[in-house]
file coords-v3.cif (mmCIF, C-alpha atoms)
data_model
loop_
_atom_site.label_atom_id
_atom_site.label_comp_id
_atom_site.auth_asym_id
_atom_site.auth_seq_id
_atom_site.Cartn_x
_atom_site.Cartn_y
_atom_site.Cartn_z
CA MET W 17 0.00 0.00 0.00
CA VAL W 18 3.01 2.35 0.48
CA ASP W 19 6.40 3.10 -1.01
CA ILE W 20 9.58 4.89 0.08
CA GLY W 21 9.07 8.51 1.07
CA ASP W 22 5.41 8.04 1.98
CA VAL W 23 4.33 9.69 5.21
CA VAL W 24 2.04 7.44 7.26
CA LYS W 25 0.12 7.68 10.49
CA GLU W 26 0.01 5.15 13.31
CA GLY W 27 -2.40 2.36 12.37
CA ASP W 28 -2.28 2.94 8.60
CA LEU W 29 -2.39 -0.28 6.57
CA LEU W 30 0.99 -0.85 4.90
CA ALA W 31 0.48 -4.27 3.32
CA GLU W 32 -1.87 -7.26 3.24
CA ILE W 33 -0.44 -10.76 3.12
CA GLU W 34 -2.38 -13.67 1.65
CA THR W 35 -2.40 -16.53 4.17
CA PRO W 36 -4.38 -19.44 2.63
CA GLU W 37 -2.86 -22.06 4.93
CA THR W 38 -3.69 -20.08 8.06
CA ASP W 39 -7.19 -19.30 6.77
CA GLU W 40 -7.84 -23.03 6.26
CA LEU W 41 -6.53 -23.80 9.74
CA VAL W 42 -8.88 -21.20 11.21
CA ALA W 43 -11.83 -22.69 9.33
CA GLN W 44 -10.91 -26.20 10.47
CA ALA W 45 -10.47 -25.06 14.09
CA ARG W 46 -13.90 -23.42 14.06
CA ALA W 47 -15.45 -26.62 12.65
CA ASP W 48 -13.76 -28.64 15.41
CA LEU W 49 -15.17 -26.20 17.94
CA GLU W 50 -18.71 -26.58 16.62
CA ARG W 51 -18.41 -30.37 16.71
CA SER W 52 -17.07 -30.35 20.27
CA ILE W 53 -19.95 -28.08 21.34
CA ALA W 54 -22.41 -30.60 19.90
CA ASP W 55 -20.59 -33.47 21.64
CA ARG W 56 -20.68 -31.53 24.92
CA LYS W 57 -24.42 -31.01 24.57
CA ILE W 58 -25.22 -34.69 24.09
CA ALA W 59 -22.76 -35.66 26.85
CA ASN W 60 -24.44 -33.29 29.31
CA ILE W 61 -27.91 -34.56 28.37
CA THR W 62 -26.83 -38.18 28.80
CA SER W 63 -25.12 -37.47 32.13
CA ASP W 64 -28.21 -35.65 33.45
CA ARG W 65 -30.52 -38.52 32.45
CA TRP W 66 -28.39 -41.14 34.19
CA GLN W 67 -28.10 -38.93 37.28
CA ARG W 68 -31.91 -38.60 37.51
CA LEU W 69 -32.40 -42.31 36.87
CA TRP W 70 -29.93 -43.30 39.59
CA LYS W 71 -31.54 -40.89 42.07
CA LYS W 72 -35.01 -42.30 41.23
CA ASN W 73 -34.00 -45.95 41.47
CA ALA W 74 -30.45 -46.71 42.57
CA GLU W 75 -30.95 -50.41 41.83
CA ALA W 76 -31.89 -49.82 38.17
CA VAL W 77 -28.40 -48.53 37.15
CA SER W 78 -24.95 -48.84 38.61
CA LYS W 79 -23.09 -45.95 40.16
CA GLN W 80 -20.13 -46.83 37.93
CA GLU W 81 -22.09 -46.06 34.77
CA VAL W 82 -23.39 -42.79 36.25
CA ASP W 83 -19.84 -41.69 37.09
CA GLU W 84 -18.61 -42.64 33.60
CA TYR W 85 -21.26 -40.51 31.86
CA HIS W 86 -20.50 -37.62 34.22
CA ALA W 87 -16.78 -37.92 33.40
CA ASN W 88 -17.64 -37.96 29.68
CA ALA W 89 -19.51 -34.68 30.13
CA GLN W 90 -16.52 -33.13 31.88
CA ALA W 91 -14.18 -34.36 29.12
CA ALA W 92 -16.49 -32.86 26.50
CA GLU W 93 -16.38 -29.51 28.36
CA ALA W 94 -12.56 -29.60 28.37
CA THR W 95 -12.51 -30.39 24.65
CA VAL W 96 -14.68 -27.34 23.95
CA LEU W 97 -12.34 -25.13 26.01
CA ALA W 98 -9.29 -26.47 24.17
CA ASN W 99 -10.91 -25.85 20.78
CA GLN W 100 -11.88 -22.32 21.81
CA LYS W 101 -8.25 -21.58 22.72
CA ASN W 102 -7.08 -23.05 19.42
CA VAL W 103 -9.50 -20.85 17.47
CA ALA W 104 -8.38 -17.79 19.42
CA LYS W 105 -4.70 -18.57 18.76
CA LEU W 106 -5.16 -19.11 15.02
CA THR W 107 -7.42 -16.05 14.72
CA TYR W 108 -4.73 -13.98 16.43
CA GLN W 109 -2.10 -15.32 14.05
CA GLN W 110 -4.41 -14.59 11.14
CA GLN W 111 -4.36 -10.88 12.05
CA PHE W 112 -0.68 -10.73 11.10
CA LYS W 113 -1.76 -10.81 7.48
CA TYR W 114 -2.36 -7.08 7.93
CA VAL W 115 0.78 -4.97 8.43
CA TYR W 116 0.07 -1.65 10.16
CA ALA W 117 2.29 1.36 10.85
CA PRO W 118 3.44 1.18 14.50
CA PHE W 119 3.88 4.98 14.76
CA ASP W 120 3.70 8.20 12.76
CA GLY W 121 6.64 8.39 10.40
CA THR W 122 8.10 8.05 6.93
CA ILE W 123 8.74 4.87 4.93
CA THR W 124 12.46 4.73 4.16
CA GLN W 125 12.73 1.20 2.77
CA ARG W 126 10.30 -1.23 1.11
CA LYS W 127 11.73 -4.71 0.75
CA ILE W 128 8.70 -6.47 -0.76
CA ASP W 129 6.66 -6.28 -3.96
CA ILE W 130 3.27 -7.62 -4.99
CA GLY W 131 3.67 -11.39 -5.20
CA SER W 132 6.67 -11.59 -2.84
CA LEU W 133 6.84 -14.71 -0.67
CA ILE W 134 6.65 -13.85 3.02
CA TYR W 135 8.36 -16.62 4.91
CA GLY W 136 8.50 -15.28 8.48
CA ASP W 137 11.39 -16.51 10.61
CA VAL W 138 14.07 -18.67 9.05
CA ASN W 139 16.70 -19.94 11.49
CA GLY W 140 15.62 -17.25 13.90
CA ILE W 141 16.09 -14.42 11.39
CA PRO W 142 12.82 -12.57 10.63
CA GLN W 143 12.05 -11.24 7.19
CA GLU W 144 12.05 -7.45 7.00
CA LEU W 145 9.18 -5.86 5.06
CA PHE W 146 9.58 -2.11 5.67
CA GLN W 147 11.77 0.36 7.48
CA MET W 148 10.28 3.48 9.04
CA VAL W 149 11.76 6.53 10.71
CA GLN W 150 10.25 9.18 12.92
CA ASN W 151 11.76 12.53 11.91
CA SER W 152 10.01 14.84 14.36
CA ILE W 153 13.02 14.52 16.68
CA ILE W 154 16.47 13.54 15.39
CA ARG W 155 18.76 11.75 17.81
CA PHE W 156 22.47 12.44 17.43
CA PHE W 157 24.91 10.08 19.13
CA VAL W 158 28.20 11.66 20.11
CA ASP W 159 31.35 10.07 21.54
CA VAL W 160 32.49 12.56 24.18
CA PRO W 161 36.21 12.33 25.14
CA GLN W 162 37.05 11.28 28.69
CA ASN W 163 38.42 14.70 29.70
CA HIS W 164 34.95 16.23 29.18
CA PHE W 165 32.65 13.47 30.42
CA ARG W 166 32.11 15.11 33.84
CA GLN W 167 30.46 18.12 32.21
CA ILE W 168 27.94 15.96 30.30
CA LYS W 169 24.63 16.01 32.14
CA GLU W 170 20.98 15.71 31.17
CA GLY W 171 19.69 19.07 30.00
CA VAL W 172 23.01 20.43 28.72
CA GLU W 173 22.41 22.46 25.58
CA ALA W 174 24.21 21.78 22.33
CA GLU W 175 24.63 23.37 18.92
CA VAL W 176 24.40 21.01 15.94
CA SER W 177 25.74 22.05 12.56
CA VAL W 178 25.43 20.19 9.26
CA LYS W 179 27.70 21.22 6.40
CA GLU W 180 24.82 20.94 3.93
CA PHE W 181 23.17 23.84 5.82
CA PRO W 182 25.99 26.41 6.02
CA GLY W 183 25.51 29.01 8.69
CA LYS W 184 22.47 27.29 10.23
CA ILE W 185 22.61 26.10 13.83
CA PHE W 186 20.19 23.46 15.12
CA ARG W 187 19.54 23.63 18.84
CA GLY W 188 19.71 20.38 20.76
CA VAL W 189 19.76 19.11 24.32
CA VAL W 190 21.41 16.16 26.04
CA THR W 191 18.73 13.63 26.97
CA ARG W 192 20.83 10.68 28.18
CA ASP W 193 24.27 9.13 28.16
CA ALA W 194 25.67 5.63 28.58
CA LYS W 195 26.91 6.25 32.16
CA ALA W 196 30.04 4.29 31.20
CA LEU W 197 33.07 4.97 29.03
CA ASP W 198 34.04 2.80 26.12
CA PRO W 199 37.07 0.80 27.33
CA ILE W 200 38.85 1.12 23.96
CA SER W 201 38.19 4.69 22.82
CA ARG W 202 37.69 6.11 26.36
CA THR W 203 34.65 8.05 25.21
CA LEU W 204 31.15 8.51 26.63
CA LEU W 205 28.28 7.73 24.27
CA THR W 206 25.88 10.69 24.57
CA GLU W 207 22.50 11.32 22.94
CA VAL W 208 21.54 14.81 21.79
CA ASP W 209 17.94 15.34 20.66
CA VAL W 210 17.12 18.03 18.10
CA GLU W 211 13.57 19.06 17.26
CA ASN W 212 12.97 18.73 13.53
CA LYS W 213 9.60 20.40 13.03
CA GLU W 214 10.53 21.70 9.57
CA GLY W 215 11.75 18.26 8.48
CA LEU W 216 15.08 19.62 7.24
CA LEU W 217 17.14 16.91 8.90
CA TYR W 218 17.01 13.30 7.73
CA ALA W 219 17.72 10.22 9.79
CA GLY W 220 21.31 9.08 9.36
CA VAL W 221 22.72 12.57 8.73
CA TYR W 222 26.26 13.32 9.92
CA ALA W 223 26.77 16.49 11.95
CA ARG W 224 29.15 18.29 14.27
CA VAL W 225 27.97 18.85 17.84
CA LYS W 226 29.21 21.61 20.13
CA PHE W 227 28.28 21.30 23.80
CA LEU W 228 27.66 24.52 25.71
CA ILE W 229 29.40 23.44 28.87
CA PHE W 230 31.53 25.11 31.49
CA PRO W 231 34.42 23.42 33.29
CA ASP W 232 34.06 22.49 36.93
CA THR W 233 37.14 24.57 37.76
CA MET W 234 38.85 27.55 36.19
CA ASN W 235 41.47 26.52 33.67
CA PHE W 236 44.03 28.97 32.38
CA ILE W 237 46.16 29.02 29.24
CA LEU W 238 49.78 30.11 29.70
CA PRO W 239 52.76 30.21 27.37
CA THR W 240 55.12 27.31 27.95
CA THR W 241 57.84 29.80 28.94
CA ALA W 242 55.89 30.64 32.12
CA ILE W 243 56.30 27.14 33.55
CA ILE W 244 59.18 26.74 36.00
CA ILE W 245 60.51 23.19 36.36
CA ARG W 246 63.70 23.20 38.38
CA SER W 247 63.22 20.27 40.71
CA GLY W 248 60.10 18.33 41.47
CA LEU W 249 56.71 19.64 40.47
CA PRO W 250 56.03 22.51 38.04
CA HIS W 251 55.55 26.03 39.39
CA VAL W 252 54.45 29.40 38.08
CA ALA W 253 55.88 32.71 39.31
CA VAL W 254 53.24 35.31 40.21
CA MET W 255 53.66 38.86 41.46
CA ASP W 256 51.60 40.45 44.23
CA ASP W 257 50.58 44.10 44.57
CA HIS W 258 53.93 44.92 46.20
CA HIS W 259 55.86 43.40 43.28
CA ILE W 260 56.96 40.46 45.42
CA VAL W 261 57.34 37.11 43.62
CA HIS W 262 55.59 33.98 44.86
CA LEU W 263 56.03 30.53 43.34
CA LYS W 264 52.77 28.62 43.00
CA GLN W 265 52.68 24.88 42.42
CA VAL W 266 50.42 24.06 39.46
CA ASN W 267 48.94 21.07 37.63
CA ILE W 268 49.38 21.01 33.88
CA GLY W 269 46.41 19.92 31.78
CA ARG W 270 46.41 19.78 28.01
CA ASP W 271 49.45 20.65 25.95
CA TYR W 272 48.79 22.97 23.00
CA GLY W 273 52.38 23.19 21.83
CA LYS W 274 53.43 26.74 22.59
CA GLU W 275 50.79 27.00 25.30
CA LEU W 276 49.77 24.85 28.27
CA GLU W 277 46.54 24.52 30.17
CA ILE W 278 46.80 25.01 33.93
CA SER W 279 44.05 23.08 35.71
CA PHE W 280 44.98 23.85 39.32
CA GLY W 281 47.11 26.25 41.33
CA LEU W 282 46.27 29.68 39.87
CA GLU W 283 43.55 32.20 40.58
CA GLU W 284 41.88 34.79 38.42
CA ASN W 285 43.65 38.20 38.48
CA ASP W 286 47.03 36.63 39.28
CA TRP W 287 49.94 38.55 37.74
CA VAL W 288 52.04 35.90 36.00
CA ILE W 289 55.70 36.24 35.04
CA THR W 290 55.63 34.73 31.56
CA THR W 291 59.42 34.58 31.01
CA PRO W 292 61.01 34.01 34.43
CA SER W 293 64.79 33.92 34.59
CA ASP W 294 66.90 31.79 36.91
CA LYS W 295 67.01 34.73 39.33
CA ILE W 296 63.26 34.53 39.94
CA GLN W 297 62.92 33.06 43.42
CA GLU W 298 60.34 33.11 46.19
CA GLY W 299 60.22 36.53 47.87
CA VAL W 300 62.33 38.53 45.41
CA LYS W 301 61.10 41.92 44.26
CA VAL W 302 60.68 42.64 40.56
CA TYR W 303 59.92 45.66 38.44
CA PRO W 304 57.80 44.54 35.46
CA ILE W 305 57.99 46.28 32.10
CA HIS W 306 54.82 44.74 30.67
CA GLN W 307 51.95 43.45 32.78
CA LEU W 308 49.44 40.79 31.75
CA MET W 309 46.56 39.95 34.09
CA LEU W 310 45.38 36.34 34.10
CA HIS W 311 41.80 35.48 33.11
CA HIS W 312 40.26 32.02 32.79
CA ASN W 313 39.77 30.58 29.33
CA GLN W 314 36.34 30.50 27.70
CA PRO W 315 34.33 27.22 27.57
#
call {"tool": "encode", "arguments": {"input": "coords-v3.cif", "output": "structure tokens"}}
result
Amino acid sequence: MVDIGDVVKEGDLLAEIETPETDELVAQARADLERSIADRKIANITSDRWQRLWKKNAEAVSKQEVDEYHANAQAAEATVLANQKNVAKLTYQQQFKYVYAPFDGTITQRKIDIGSLIYGDVNGIPQELFQMVQNSIIRFFVDVPQNHFRQIKEGVEAEVSVKEFPGKIFRGVVTRDAKALDPISRTLLTEVDVENKEGLLYAGVYARVKFLIFPDTMNFILPTTAIIIRSGLPHVAVMDDHHIVHLKQVNIGRDYGKELEISFGLEENDWVITTPSDKIQEGVKVYPIHQLMLHHNQP
């Protein structure tokens, strides 16, 4: 009833499968049910007659025969119940001849034609008839590097860009993540949902995702010349308001070549000596020529 690109609603009929074998089984099961109902009727009548006869004159018939006819009536009742269940099962299976859309969406693949043989499961592998997608919301799956996974939380906003739409930004939001890092790539699988009311985005599209996140702590970018490594841990020389030098122990984050990220040890508004000489020691007084105030890097 449909082809690729067709937009369908939930419950729309997509295809009808001819099922002659199942139809015959349903007809046979219904005939068996009618016969068992007739057998139950005569069994109940016979059992009732023998019950009344035995109650009227216990010496005329034996209790054994009365019990046998009563058991026959019960067996006939069980046969009717079994046939009813069989009819219900086959009727339910017969409904699979009609293939309906499970949700509102678009047909993206049609793998059957009129006259195609539908074989169901073969070795546990079902036959695929259609593929559908729901384009109202597009889910983007992003592998977030380990050094950013702490900032990924539900509700974080994201900007999605697709090169086929230059200059256009699609707004998204983080809806869930895997809560575990991939042991090989050390990345966190994260889902970003983007509303697609205009239908511009197609399922399967490749995009770049920018998360609007802020670091948990202030990180600063310094030139590599500002790092003092003489013995032990790295330090940075800062100057106070009285031009006195203090050496602060720091932790180095990412290496950008000529610049380094400082993840711990500095504070905003610190005056950093970017090219300290060997004479720069704790407590010495300096007279700067150029001053550069430290500010934290942008997210």
call {"tool": "closest_atom_pairs", "arguments": {"input": "coords-v3.cif", "of": "region 218-247 of chain W", "to": "region 182-188 of chain W", "cutoff": "12 Å", "atoms": "all atoms listed in the file", "output": "Markdown table"}}
result
| residue | atom | partner | partner_atom | distance |
| --- | --- | --- | --- | --- |
| W:Ala223 | CA | W:Phe186 | CA | 10.1 |
| W:Arg224 | CA | W:Ile185 | CA | 10.2 |
| W:Val225 | CA | W:Gly188 | CA | 8.9 |
| W:Lys226 | CA | W:Gly188 | CA | 9.6 |
| W:Phe227 | CA | W:Gly188 | CA | 9.1 |
| W:Leu228 | CA | W:Gly188 | CA | 10.2 |
call {"tool": "residues_around", "arguments": {"input": "coords-v3.cif", "residues": "Tyr222 (chain W)", "least_positions_apart": "3", "cutoff": "10 Å", "atoms": "all atoms listed in the file", "output": "short mmCIF file (atom, residue, chain, number, x, y, z; two decimals) with C-alpha atoms, in the coordinates of the input"}}
result
data_model
loop_
_atom_site.label_atom_id
_atom_site.label_comp_id
_atom_site.auth_asym_id
_atom_site.auth_seq_id
_atom_site.Cartn_x
_atom_site.Cartn_y
_atom_site.Cartn_z
CA PHE W 156 22.47 12.44 17.43
CA PHE W 157 24.91 10.08 19.13
CA VAL W 176 24.40 21.01 15.94
CA SER W 177 25.74 22.05 12.56
CA VAL W 178 25.43 20.19 9.26
CA LYS W 179 27.70 21.22 6.40
CA GLU W 180 24.82 20.94 3.93
CA LEU W 217 17.14 16.91 8.90
CA TYR W 218 17.01 13.30 7.73
CA ALA W 219 17.72 10.22 9.79
CA VAL W 225 27.97 18.85 17.84
#
call {"tool": "resolve_selection", "arguments": {"input": "coords-v3.cif", "expression": "the PyMOL selection byres ((chain W and resi 59) around 8)", "output": "list in words"}}
result
Asp55, Arg56, Lys57, Ile58, Asn60, Ile61, Thr62, Ser63, Tyr85, His86, Asn88, Ala89 and Ala92 of chain W
call {"tool": "closest_residue", "arguments": {"input": "coords-v3.cif", "among": "W:Met148, W:Lys101, W:Gln265, W:Glu214", "to": "Glu283 (chain W)", "atoms": "only C-alpha atoms"}}
result
W:Gln265
call {"tool": "resolve_selection", "arguments": {"input": "coords-v3.cif", "expression": "the PyMOL selection byres ((chain W and resi 292-295) around 9)", "output": "ChimeraX atom specification"}}
result
/W:241-244,252-253,289-291,296-297,300
call {"tool": "atom_distance", "arguments": {"input": "coords-v3.cif", "atom1": "CA of Gly215 (chain W)", "atom2": "CA of Pro118 (chain W)"}}
result
19.9 Å
call {"tool": "resolve_selection", "arguments": {"input": "coords-v3.cif", "expression": "the PyMOL selection byres ((chain W and resi 114) around 7)", "output": "number ranges by chain"}}
result
W: 29, 31-33, 111-113, 115-116
call {"tool": "residues_near_point", "arguments": {"input": "coords-v3.cif", "point": "(35.4, 6.0, 23.9)", "cutoff": "12 Å", "atoms": "all atoms listed in the file", "output": "ChimeraX atom specification"}}
result
/W:158-165,194-206
call {"tool": "residues_around", "arguments": {"input": "coords-v3.cif", "residues": "Tyr135 (chain W)", "least_positions_apart": "4", "cutoff": "12 Å", "atoms": "all atoms listed in the file", "output": "list of chain:residue names"}}
result
W:Ile33, W:Glu34, W:Thr35, W:Lys113, W:Ile128, W:Asn139, W:Gly140, W:Ile141, W:Pro142, W:Gln143, W:Glu144, W:Leu145
call {"tool": "axis_aligned_box", "arguments": {"input": "coords-v3.cif", "around": "region 154-157 of chain W", "padding_each_side": "3 Å", "output": "AutoDock Vina command-line options"}}
result
--center_x 20.7 --center_y 11.8 --center_z 17.3 --size_x 14.4 --size_y 9.5 --size_z 9.7
call {"tool": "atom_distance", "arguments": {"input": "coords-v3.cif", "atom1": "CA of Tyr108 (chain W)", "atom2": "CA of Ala45 (chain W)"}}
result
12.7 Å
call {"tool": "closest_residue", "arguments": {"input": "coords-v3.cif", "among": "W:Met255, W:Leu69, W:Val149, W:Val261", "to": "Ile20 (chain W)", "atoms": "only C-alpha atoms"}}
result
W:Val149
call {"tool": "closest_residue", "arguments": {"input": "coords-v3.cif", "among": "W:Val24, W:Ile278, W:Val221, W:Val42", "to": "Gln110 (chain W)", "atoms": "all atoms listed in the file"}}
result
W:Val42
call {"tool": "atom_distance", "arguments": {"input": "coords-v3.cif", "atom1": "CA of Asp129 (chain W)", "atom2": "CA of Asp39 (chain W)"}}
result
21.8 Å
call {"tool": "decode", "arguments": {"input": "coords-v3.cif", "residues": "region 280-292 of chain W", "atoms": "N, CA and C atoms", "output": "CSV table (one decimal), in the first residue's frame"}}
result
chain,number,residue,atom,x,y,z
W,280,PHE,N,45.0,23.6,37.9
W,280,PHE,CA,45.0,23.8,39.3
W,280,PHE,C,46.2,24.7,39.8
W,281,GLY,N,46.0,25.5,40.7
W,281,GLY,CA,47.1,26.3,41.3
W,281,GLY,C,47.1,27.7,41.1
W,282,LEU,N,46.3,28.2,40.1
W,282,LEU,CA,46.3,29.7,39.9
W,282,LEU,C,44.9,30.2,40.2
W,283,GLU,N,44.8,31.5,40.3
W,283,GLU,CA,43.5,32.2,40.6
W,283,GLU,C,43.4,33.3,39.6
W,284,GLU,N,42.1,33.7,39.3
W,284,GLU,CA,41.9,34.8,38.4
W,284,GLU,C,42.5,36.1,39.0
W,285,ASN,N,43.0,36.9,38.1
W,285,ASN,CA,43.6,38.2,38.5
W,285,ASN,C,45.1,38.0,39.0
W,286,ASP,N,45.6,36.8,38.9
W,286,ASP,CA,47.0,36.6,39.3
W,286,ASP,C,47.9,37.3,38.2
W,287,TRP,N,49.0,38.0,38.7
W,287,TRP,CA,49.9,38.6,37.7
W,287,TRP,C,51.0,37.5,37.5
W,288,VAL,N,51.1,37.0,36.3
W,288,VAL,CA,52.0,35.9,36.0
W,288,VAL,C,53.3,36.4,35.3
W,289,ILE,N,54.4,35.9,35.7
W,289,ILE,CA,55.7,36.2,35.0
W,289,ILE,C,55.8,35.2,33.9
W,290,THR,N,55.7,35.7,32.7
W,290,THR,CA,55.6,34.7,31.6
W,290,THR,C,57.0,34.2,31.1
W,291,THR,N,58.1,35.0,31.4
W,291,THR,CA,59.4,34.6,31.0
W,291,THR,C,60.4,34.7,32.2
W,292,PRO,N,60.2,33.9,33.2
W,292,PRO,CA,61.0,34.0,34.4
W,292,PRO,C,62.5,33.6,34.2
